[in-house]
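Written out below as structure tokens is the structure these notes cover.
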Amino acid sequence: MEQKFVVVTDDVFSNPMSKEEAIKAVKSYDHKGVTAYIVSEKEAKRIKSPDNFNEPKWR
């Protein structure tokens, strides 16, 4: 079974998608000036809401 990923922005989770689709989505958000991150579907279920997402410290 292929692992699915979710794109996280400030206020929304995307629907689960393939890694390639998630990368394209993040690049599209970047072109629009929106910060977005990719997390696994499992991690998205764990954090439950974009409000609970902690931005990486390396940013």
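Residues are referred to by chain and number: the chain letter is A, B, ... according to the order shown in the structure tokens, the number counts from 1 in that chain, and ligands are numbered separately from 1 in the order shown.
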
**Q.** Shell of 7 Å around range 15-25 of chain A, only C-alpha atoms, local chain residues under 5 positions omitted, as a count of residues only
**A.** 6

Q: as a PyMOL selection string, list the residues of chain A assigned to helix (DSSP H, G or I) by DSSP on the backbone atoms of this structure.
A: chain A and resi 19-31+41-47+50-52

Q) Can you tell me how far CA of Ser40 in chain A sits from CA of Ser28 in chain A, in Å to one decimal? A) 18.7 Å

Q: Would you please give, as a PyMOL selection string, all residues of chain A that DSSP assigns to strand (DSSP E) based on the backbone?
A: chain A and resi 5-8+37-40

How about saving the chosen residues, N, CA and C atoms kept, as a compact mmCIF listing (two decimals), in the first residue's frame?
```
# COMPACT_ATOMS: atom_id res chain seq x y z
N PHE A 5 0.24 11.34 1.88
CA PHE A 5 0.72 12.53 2.55
C PHE A 5 -0.34 13.62 2.53
N VAL A 6 -0.23 14.55 3.47
CA VAL A 6 -1.16 15.66 3.60
C VAL A 6 -0.35 16.95 3.59
N VAL A 7 -0.86 17.96 2.91
CA VAL A 7 -0.23 19.28 2.88
C VAL A 7 -0.90 20.14 3.95
N VAL A 8 -0.08 20.75 4.80
CA VAL A 8 -0.57 21.60 5.89
C VAL A 8 -0.25 23.05 5.57
N TYR A 37 3.57 22.73 4.36
CA TYR A 37 4.44 21.62 4.76
C TYR A 37 3.77 20.31 4.39
N ILE A 38 4.60 19.28 4.21
CA ILE A 38 4.10 17.93 3.94
C ILE A 38 4.28 17.09 5.19
N VAL A 39 3.22 16.40 5.60
CA VAL A 39 3.29 15.43 6.69
C VAL A 39 2.61 14.15 6.22
N SER A 40 2.94 13.06 6.87
CA SER A 40 2.29 11.80 6.53
C SER A 40 0.82 11.85 6.94
```

Q.
To one decimal place in Å, what is the distance between CA of Asn52 in chain A and CA of Val12 in chain A?
A.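 Between these atoms lies a distance of 11.3 Å.
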
Q | Long-range neighbours of range 53-58 of chain A as a PyMOL selection string, 12 Å cut-off, only C-alpha atoms, 2 positions minimum in chain | A | chain A and resi 7-13+35-39+43-51

Please dump the current selection as an mmCIF file, in the first residue's frame; keep C-alpha atoms.
```cif
data_model
loop_
_atom_site.group_PDB
_atom_site.id
_atom_site.type_symbol
_atom_site.label_atom_id
_atom_site.label_comp_id
_atom_site.auth_asym_id
_atom_site.auth_seq_id
_atom_site.Cartn_x
_atom_site.Cartn_y
_atom_site.Cartn_z
ATOM 1 C CA VAL A 7 -0.228 19.277 2.883
ATOM 2 C CA VAL A 8 -0.566 21.595 5.888
ATOM 3 C CA THR A 9 -1.072 25.345 5.536
ATOM 4 C CA ASP A 10 -1.948 27.872 8.244
ATOM 5 C CA ASP A 11 -5.615 26.943 8.272
ATOM 6 C CA VAL A 12 -6.250 23.708 6.351
ATOM 7 C CA PHE A 13 -5.190 20.129 5.756
ATOM 8 C CA THR A 35 3.868 28.529 3.495
ATOM 9 C CA ALA A 36 2.979 24.835 3.352
ATOM 10 C CA TYR A 37 4.442 21.625 4.759
ATOM 11 C CA ILE A 38 4.098 17.933 3.937
ATOM 12 C CA VAL A 39 3.289 15.433 6.688
ATOM 13 C CA GLU A 43 0.856 12.353 11.434
ATOM 14 C CA ALA A 44 -2.037 14.513 10.188
ATOM 15 C CA LYS A 45 -4.481 12.225 11.994
ATOM 16 C CA ARG A 46 -2.365 12.484 15.148
ATOM 17 C CA ILE A 47 -2.239 16.293 15.212
ATOM 18 C CA LYS A 48 -5.917 16.593 14.113
ATOM 19 C CA SER A 49 -5.809 20.307 13.223
ATOM 20 C CA PRO A 50 -3.425 22.748 11.519
ATOM 21 C CA ASP A 51 -3.493 24.725 14.788
#
```
